[in-house]
Amino acid sequence: MVGPYVVVLLVMFIAAVPVAFSLAGTSIIITLIERGVGFNPAFMVQKAVSGIDNFMLLSVPFFIYAGKVMNVGGVTHRIYAFAKSLVGSLRGGLAQVNVVASIIFAGMTGTAVSEAAGLGTVVMKSMREEGYKEDFSVAVVAASSTIGPIIPPSVPLVIYALMANVSVGGMLMAGLIPGLLMGGALMLWIAVLARRKGLPSGAPFSLHTVWSTFKDGFLPLMTPVLLIGGIVSGVFTPTEAAAIAALYATFLSVVVYRAVSLRELAEIARSTAVDTGVIMLVVAMAMIYGYLVTRAGLTDAMVQWMAGISTDPIVIGLIIIGFLLIVGCFLEATAAIIILTPVLLPVMQASGLDPMHMGVIVVLTMMIGLLTPPFGMVLFVLSRISGVSLHRIVVAVLPFIVPLLVVDILLLFFPVLVLLLPRLVM
């Protein structure tokens with residue numbers, strides 16, 4: 001019965017049926033074929049409810065809300081100004097600024113789409129005024145937005161931790177070094193392209209400007225310190241950290257900067273509820289689907305198939321990365337993590353791969369999927385914001401996938417880069 005589960009799901013995806021309804025519809029259709037009139041939907045309801053009956057999922061709406069409030073509340077401009085004062089003097093400086101700003105902003109939002117939408121408008125306007133080509137500007141924004149879901153706090157890492165039954169705090173800590181490596185790799189790549197393309201340098205470096213922009217953006221810049229420091233010190237859990245992030249973002253945007261009105265706050269809350277509802281519906285339906293495909297033997301079949309190819313953890317890891325790169329072209333990242341983690345987990349364990357180590361690799365690989373057609377969500381967001389055609393964005397973004405893949409494979413070969421902080425801190 002494994003084949004029909006995959007085939008029916010793919011048919012629904014091709015027919016543009018929303019992910020949650022595709023998962024639910026596939027589960028119902030195959031169960032009806034298996035059991036006929038003896039089908040009892042009660043177990044599906046129980047599985048769906050158990051899927052979202054988890055305290056850790058409370059962090060998801062809080063992180064989404066915090067990112068939206070900071071986008072509207074003027075925090076993005078202060079972060080961008082500080083990043084520009086640090087690296088704006090380099091050749092191709094505004095592109096480098098985007099990466100540094102993304103690293104800082106990653107400690108606040110936790111999602112790639114929020115980062116692309118938040119920083120994208122500011123960065124692309126500035127780069128356009130400085131004479132950068134639109135295609136290049138959009139590509140830099142798209143590539144650097146993938147850092148957001150890796151550096152804590154991270155919604156995809158929280159969801160992976162839930163699906164893989166590993167420590168949420170440890171999973172968040174595991175993403176810090178890889179996120180910084182992604183930023184470093186992108187900055188090196190941009191430096192090479194800047195020299196080849198003859199990109200302009202910005203204003204000379206000034207300590208006075210750095211200090212001035214740091215003071216102006218001090219409170220937003222303290223957000224990652226507050227969240228990561230609180231989790232590491234044990235003052236609050238990752239779920240409580242999400243609530244604190246939401247409260248802090250509201251305080252900055254409404255009270256300190258007075259950039260968000262109560263009406264706008266209500267609209268942000270409504271938008272957060274919609275986004276959260278979509279994610280929770282996908283999680284609930286994925287729990288049903290995951291249970292059924294596991295019962296049908298898909299996980300056992302994948303373990304046996306990969307074991308037949310090799311028992312070497314590196315080879316298995318490379319196969320998983322290749323598989324996820326293909327999946328990322330056709331399935332939204334969060335949905336893919338929810339659906340595939342229960343399937344891939346036995347494969348990881350059978351080959352001796354640490355689930356926490358592989359969690360960062362899985363999420364990073366799926367973030368690369370946000371940059372690949374035909375379902376690259378970041379591509380659609382930036383095309384709408386910039387007005388640049390999707391085809392031009394895809395062509396411009398493809399070279400930036402190279403440094404991200406290099407980091408992905410580097411993490412596979414050197415697990416210590418992922419596991420060092422969780423082992424020290426947790």
# chains A, B, ... in the order shown; residues from 1 in each chain; ligands from 1
>>> residues_around(residues="range 179-183 of chain A", least_positions_apart="5", cutoff="7 Å", atoms="only C-alpha atoms", output="list in words")
Val99, Ile103, Ile147, Ile150, Ile151, Leu404 and Val407 of chain A
>>> write_last_selection(atoms="C-alpha atoms", output="compact mmCIF listing (two decimals), in the first residue's frame")
# COMPACT_ATOMS: atom_id res chain seq x y z
CA VAL A 99 23.90 39.34 4.82
CA ILE A 103 22.16 37.37 10.56
CA ILE A 147 19.82 32.21 7.37
CA ILE A 150 18.77 28.35 11.07
CA ILE A 151 19.88 30.86 13.70
CA LEU A 404 24.74 27.23 0.83
CA VAL A 407 27.97 24.70 4.08
>>> select_by_dssp(residues="range 165-281 of chain A", states="alpha helix (DSSP H)", output="tab-separated table (two decimals) with C-alpha atoms, in the first residue's frame")
chain	number	residue	atom	x	y	z
A	168	VAL	CA	13.87	21.97	21.39
A	169	GLY	CA	16.48	23.97	23.33
A	170	GLY	CA	19.29	21.78	22.03
A	171	MET	CA	17.93	22.02	18.49
A	172	LEU	CA	17.87	25.81	18.63
A	173	MET	CA	21.42	25.97	19.98
A	174	ALA	CA	22.54	23.60	17.23
A	176	LEU	CA	23.74	29.05	15.77
A	177	ILE	CA	27.16	28.05	14.38
A	178	PRO	CA	25.74	26.73	11.07
A	179	GLY	CA	23.82	30.01	10.63
A	180	LEU	CA	26.99	32.03	11.12
A	181	LEU	CA	28.82	29.75	8.68
A	182	MET	CA	26.09	30.38	6.10
A	183	GLY	CA	26.55	34.12	6.55
A	184	GLY	CA	30.33	33.84	6.21
A	185	ALA	CA	30.05	31.68	3.08
A	186	LEU	CA	27.63	34.11	1.44
A	187	MET	CA	29.88	37.08	2.28
A	188	LEU	CA	32.91	35.34	0.71
A	189	TRP	CA	30.84	34.48	-2.36
A	190	ILE	CA	29.63	38.09	-2.67
A	191	ALA	CA	33.22	39.36	-2.30
A	192	VAL	CA	34.28	37.21	-5.27
A	193	LEU	CA	31.31	38.33	-7.38
A	194	ALA	CA	31.84	41.97	-6.39
A	195	ARG	CA	35.40	41.91	-7.70
A	196	ARG	CA	34.35	40.17	-10.93
A	197	LYS	CA	31.40	42.49	-11.55
A	207	LEU	CA	33.58	54.37	14.17
A	208	HIS	CA	31.39	57.37	14.91
A	209	THR	CA	28.71	56.06	12.51
A	210	VAL	CA	28.96	52.56	13.98
A	211	TRP	CA	28.46	53.93	17.48
A	212	SER	CA	25.60	56.20	16.40
A	213	THR	CA	23.68	53.43	14.62
A	214	PHE	CA	24.41	51.00	17.44
A	215	LYS	CA	22.85	53.39	19.97
A	216	ASP	CA	19.85	53.92	17.71
A	218	PHE	CA	20.48	49.03	20.70
A	219	LEU	CA	17.11	47.79	21.92
A	220	PRO	CA	16.31	45.73	18.77
A	221	LEU	CA	19.87	44.39	18.74
A	222	MET	CA	19.37	43.09	22.26
A	223	THR	CA	16.56	40.79	21.12
A	224	PRO	CA	18.82	37.85	20.10
A	225	VAL	CA	20.92	38.34	23.23
A	226	LEU	CA	17.80	38.31	25.39
A	227	LEU	CA	16.33	35.19	23.77
A	228	ILE	CA	19.47	33.09	23.37
A	229	GLY	CA	20.85	34.19	26.74
A	230	GLY	CA	17.60	33.30	28.49
A	231	ILE	CA	17.43	29.85	26.91
A	232	VAL	CA	21.10	29.08	27.56
A	233	SER	CA	20.99	30.27	31.18
A	238	PRO	CA	12.28	27.97	24.23
A	239	THR	CA	8.47	28.18	24.31
A	240	GLU	CA	8.57	30.89	26.97
A	241	ALA	CA	11.29	32.64	24.95
A	242	ALA	CA	8.84	32.92	22.07
A	243	ALA	CA	6.30	34.63	24.32
A	244	ILE	CA	8.97	37.02	25.63
A	245	ALA	CA	10.02	37.81	22.04
A	246	ALA	CA	6.43	38.67	21.17
A	247	LEU	CA	6.04	40.86	24.27
A	248	TYR	CA	9.40	42.60	23.67
A	249	ALA	CA	8.60	43.23	20.00
A	250	THR	CA	5.25	44.75	20.95
A	262	LEU	CA	-3.51	49.45	18.01
A	263	ARG	CA	-5.42	48.91	14.76
A	264	GLU	CA	-2.25	47.67	13.05
A	265	LEU	CA	-1.53	45.47	16.05
A	266	ALA	CA	-4.96	43.88	15.70
A	267	GLU	CA	-4.30	43.22	12.00
A	268	ILE	CA	-0.92	41.65	12.85
A	269	ALA	CA	-2.64	39.41	15.42
A	270	ARG	CA	-5.24	38.40	12.82
A	271	SER	CA	-2.56	37.62	10.23
A	272	THR	CA	-0.60	35.61	12.82
A	273	ALA	CA	-3.71	33.59	13.68
A	274	VAL	CA	-4.25	32.76	9.99
A	275	ASP	CA	-0.61	31.71	9.45
A	276	THR	CA	-0.62	29.67	12.65
A	277	GLY	CA	-3.88	28.00	11.72
A	278	VAL	CA	-2.41	26.90	8.39
A	279	ILE	CA	0.68	25.43	10.06
A	280	MET	CA	-1.34	23.65	12.75
A	281	LEU	CA	-3.72	22.19	10.19
>>> atom_distance(atom1="CA of Phe82 in chain A", atom2="CA of Asn98 in chain A")
10.9 Å
>>> residues_around(residues="Thr341 in chain A", least_positions_apart="2", cutoff="9 Å", atoms="only C-alpha atoms", output="list of chain:residue names")
A:Tyr160, A:Met163, A:Ala164, A:Ala336, A:Ile337, A:Ile338, A:Ile339, A:Val343, A:Leu344, A:Leu345, A:Gly359, A:Val362
>>> residues_around(residues="Ile316 in chain A", least_positions_apart="3", cutoff="8 Å", atoms="only C-alpha atoms", output="PyMOL selection string")
chain A and resi 306+310-313+319-320+348+351
>>> write_last_selection(atoms="C-alpha atoms", output="PDB file, in the first residue's frame")
ATOM      1  CA  MET A 306      19.335   2.827   1.864  1.00  0.00           C
ATOM      2  CA  SER A 310      25.538   1.726   1.876  1.00  0.00           C
ATOM      3  CA  THR A 311      25.860   1.625   5.639  1.00  0.00           C
ATOM      4  CA  ASP A 312      28.282   4.562   5.703  1.00  0.00           C
ATOM      5  CA  PRO A 313      26.657   7.519   7.544  1.00  0.00           C
ATOM      6  CA  ILE A 319      21.496  10.615  -0.192  1.00  0.00           C
ATOM      7  CA  ILE A 320      19.150  12.369   2.265  1.00  0.00           C
ATOM      8  CA  MET A 348      19.168   8.290  10.379  1.00  0.00           C
ATOM      9  CA  SER A 351      22.911   4.490   9.927  1.00  0.00           C
TER      10      SER A 351
END
>>> atom_distance(atom1="CA of Pro156 in chain A", atom2="CA of Leu57 in chain A")
10.9 Å
>>> decode(residues="range 254-359 of chain A", atoms="C-alpha atoms", output="CSV table (one decimal), in the first residue's frame")
chain,number,residue,atom,x,y,z
A,254,VAL,CA,4.1,50.3,20.2
A,255,VAL,CA,5.6,52.0,23.3
A,256,VAL,CA,9.2,52.9,22.4
A,257,TYR,CA,9.1,53.7,18.7
A,258,ARG,CA,5.3,54.4,18.5
A,259,ALA,CA,5.4,52.9,14.9
A,260,VAL,CA,2.5,50.5,15.3
A,261,SER,CA,-1.0,51.6,16.1
A,262,LEU,CA,-3.5,49.4,18.0
A,263,ARG,CA,-5.4,48.9,14.8
A,264,GLU,CA,-2.2,47.7,13.0
A,265,LEU,CA,-1.5,45.5,16.0
A,266,ALA,CA,-5.0,43.9,15.7
A,267,GLU,CA,-4.3,43.2,12.0
A,268,ILE,CA,-0.9,41.6,12.9
A,269,ALA,CA,-2.6,39.4,15.4
A,270,ARG,CA,-5.2,38.4,12.8
A,271,SER,CA,-2.6,37.6,10.2
A,272,THR,CA,-0.6,35.6,12.8
A,273,ALA,CA,-3.7,33.6,13.7
A,274,VAL,CA,-4.3,32.8,10.0
A,275,ASP,CA,-0.6,31.7,9.4
A,276,THR,CA,-0.6,29.7,12.6
A,277,GLY,CA,-3.9,28.0,11.7
A,278,VAL,CA,-2.4,26.9,8.4
A,279,ILE,CA,0.7,25.4,10.1
A,280,MET,CA,-1.3,23.7,12.7
A,281,LEU,CA,-3.7,22.2,10.2
A,282,VAL,CA,-0.8,20.8,8.2
A,283,VAL,CA,0.8,19.4,11.4
A,284,ALA,CA,-2.5,17.7,12.3
A,285,MET,CA,-3.1,16.2,8.9
A,286,ALA,CA,0.6,15.2,8.6
A,287,MET,CA,0.3,13.2,11.8
A,288,ILE,CA,-2.5,11.1,10.3
A,289,TYR,CA,-0.6,10.6,7.0
A,290,GLY,CA,2.7,9.8,8.8
A,291,TYR,CA,1.0,7.2,11.0
A,292,LEU,CA,-0.6,5.5,7.9
A,293,VAL,CA,2.6,5.4,5.8
A,294,THR,CA,4.6,4.1,8.7
A,295,ARG,CA,2.0,1.4,9.2
A,296,ALA,CA,2.1,0.6,5.5
A,297,GLY,CA,5.9,0.0,5.8
A,298,LEU,CA,7.3,3.0,4.0
A,299,THR,CA,9.9,3.8,6.8
A,300,ASP,CA,11.0,0.1,6.9
A,301,ALA,CA,11.3,0.1,3.1
A,302,MET,CA,13.4,3.2,3.0
A,303,VAL,CA,15.7,1.9,5.8
A,304,GLN,CA,16.2,-1.4,3.9
A,305,TRP,CA,16.7,0.4,0.5
A,306,MET,CA,19.3,2.8,1.9
A,307,ALA,CA,21.0,0.0,3.8
A,308,GLY,CA,21.3,-1.9,0.5
A,309,ILE,CA,23.1,1.1,-1.0
A,310,SER,CA,25.5,1.7,1.9
A,311,THR,CA,25.9,1.6,5.6
A,312,ASP,CA,28.3,4.6,5.7
A,313,PRO,CA,26.7,7.5,7.5
A,314,ILE,CA,28.2,10.1,5.2
A,315,VAL,CA,26.8,8.3,2.1
A,316,ILE,CA,23.4,8.0,3.7
A,317,GLY,CA,23.6,11.7,4.7
A,318,LEU,CA,24.4,12.7,1.1
A,319,ILE,CA,21.5,10.6,-0.2
A,320,ILE,CA,19.2,12.4,2.3
A,321,ILE,CA,20.4,15.8,1.2
A,322,GLY,CA,20.0,14.9,-2.5
A,323,PHE,CA,16.5,13.5,-1.8
A,324,LEU,CA,15.5,16.7,0.1
A,325,LEU,CA,16.8,19.0,-2.6
A,326,ILE,CA,14.5,17.3,-5.1
A,327,VAL,CA,11.6,17.4,-2.6
A,328,GLY,CA,12.2,21.1,-2.0
A,329,CYS,CA,11.4,21.9,-5.6
A,330,PHE,CA,7.9,20.5,-5.2
A,331,LEU,CA,6.9,20.9,-1.6
A,332,GLU,CA,6.8,23.8,0.8
A,333,ALA,CA,9.6,23.6,3.4
A,334,THR,CA,7.5,23.4,6.6
A,335,ALA,CA,5.2,20.9,5.2
A,336,ALA,CA,8.1,18.8,3.9
A,337,ILE,CA,9.8,18.8,7.4
A,338,ILE,CA,6.5,17.7,9.0
A,339,ILE,CA,5.8,15.0,6.5
A,340,LEU,CA,9.3,13.6,6.0
A,341,THR,CA,10.9,13.8,9.4
A,342,PRO,CA,9.1,10.7,10.8
A,343,VAL,CA,10.0,8.8,7.6
A,344,LEU,CA,13.7,9.8,7.6
A,345,LEU,CA,14.3,9.4,11.3
A,346,PRO,CA,14.5,5.6,11.3
A,347,VAL,CA,17.0,5.9,8.4
A,348,MET,CA,19.2,8.3,10.4
A,349,GLN,CA,19.1,6.1,13.5
A,350,ALA,CA,19.8,2.9,11.5
A,351,SER,CA,22.9,4.5,9.9
A,352,GLY,CA,24.2,6.0,13.1
A,353,LEU,CA,23.4,9.7,12.3
A,354,ASP,CA,22.5,11.9,15.2
A,355,PRO,CA,18.9,13.2,14.7
A,356,MET,CA,19.9,16.6,16.2
A,357,HIS,CA,22.9,16.9,13.8
A,358,MET,CA,20.8,15.9,10.9
A,359,GLY,CA,18.0,18.2,11.9
